[in-house]
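Engineer: The structure follows.
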Amino acid sequence: MNVAVILLTIALVIVVALLVAAGAGKLARMGGASFPTALTRAAPTFAAAITLAAAVTSALAALFT
């Protein structure tokens, strides 16, 4: 049961990070950026969302152990 919850949570975090990155890329395109520029703006946004999820997980793990 715990493994299933962990895998579903990881999948949810990745999907949310992809949605955030897609939103950042779309906003960049709406602002007149070229496609490669929009990708270079979306990639750090994806990385930041994953990093934030890892930091929150680390803090919660330290809190509960």
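Simple scheme: letters A, B, ... for chains in structure tokens order, numbers from 1 for residues in each chain, numbers from 1 for ligands in the order shown.
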Residues within 9 Å of Ala28 of chain A, please, as a ChimeraX atom specification. Count only C-alpha atoms; anything in the same chain fewer than 6 positions from it doesn't count.

Structural biologist: /A:34-35,37-39,41-42

Engineer: Any chance you could export the current selection's C-alpha atoms as a PDB file, in the first residue's frame?

Structural biologist:
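Heads up, here's the output in result39.pdb:
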```
ATOM      1  CA  SER A  34      10.595  32.249 -30.083  1.00  0.00           C
ATOM      2  CA  PHE A  35      10.093  28.533 -29.528  1.00  0.00           C
ATOM      3  CA  THR A  37      13.523  30.804 -25.992  1.00  0.00           C
ATOM      4  CA  ALA A  38      10.212  29.567 -24.605  1.00  0.00           C
ATOM      5  CA  LEU A  39      11.790  26.156 -23.997  1.00  0.00           C
ATOM      6  CA  ARG A  41      12.277  29.558 -19.963  1.00  0.00           C
ATOM      7  CA  ALA A  42      10.142  26.470 -19.336  1.00  0.00           C
TER       8      ALA A  42
END
```

Engineer: List as a PyMOL selection string the protein and nucleic acid residues near segment 6-15 of chain A, meaning an atom at most 9 Å away when only C-alpha atoms are counted, but skip any in the same chain fewer than 5 places from it.

Structural biologist: chain A and resi 1+20+46+49-50+53

Engineer: Please write the residues from the selection above to a file, keeping N, CA and C atoms, as a compact mmCIF listing (two decimals), in the first residue's frame.

Structural biologist:
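This went into result.txt:
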```
# COMPACT_ATOMS: atom_id res chain seq x y z
N MET A 1 0.83 -1.20 0.00
CA MET A 1 0.00 0.00 0.00
C MET A 1 0.87 1.26 0.00
N VAL A 20 3.19 23.20 -14.90
CA VAL A 20 3.78 24.51 -14.58
C VAL A 20 4.75 24.93 -15.68
N PHE A 46 10.44 23.90 -14.78
CA PHE A 46 10.24 22.49 -14.46
C PHE A 46 11.22 22.04 -13.37
N ALA A 49 10.25 23.42 -9.97
CA ALA A 49 9.10 22.72 -9.38
C ALA A 49 9.51 21.38 -8.79
N ILE A 50 10.37 20.65 -9.48
CA ILE A 50 10.86 19.37 -8.97
C ILE A 50 11.74 19.60 -7.74
N ALA A 53 9.56 20.39 -4.75
CA ALA A 53 8.93 19.17 -4.24
C ALA A 53 9.93 18.34 -3.44
```

Engineer: Could you check how far atom CA of Leu19 of chain A sits from atom CA of Leu60 of chain A, in Å to one decimal?

Structural biologist: 23.8 Å

Engineer: Compare A:Ala17, A:Met30, A:Ala24, A:Val5 by their minimum atom-to-atom distance to Ala54 of chain A, counting only C-alpha atoms, and give me the closest one.

Structural biologist: A:Ala17

Engineer: Do you have the atom CA of Leu18 of chain A-atom CA of Ala33 of chain A distance handy?

Structural biologist: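 It comes out at 19.3 Å.
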
Engineer: Atom CA of Ala22 of chain A to atom CA of Ala55 of chain A: how many Å, to one decimal?

Structural biologist: 21.8 Å
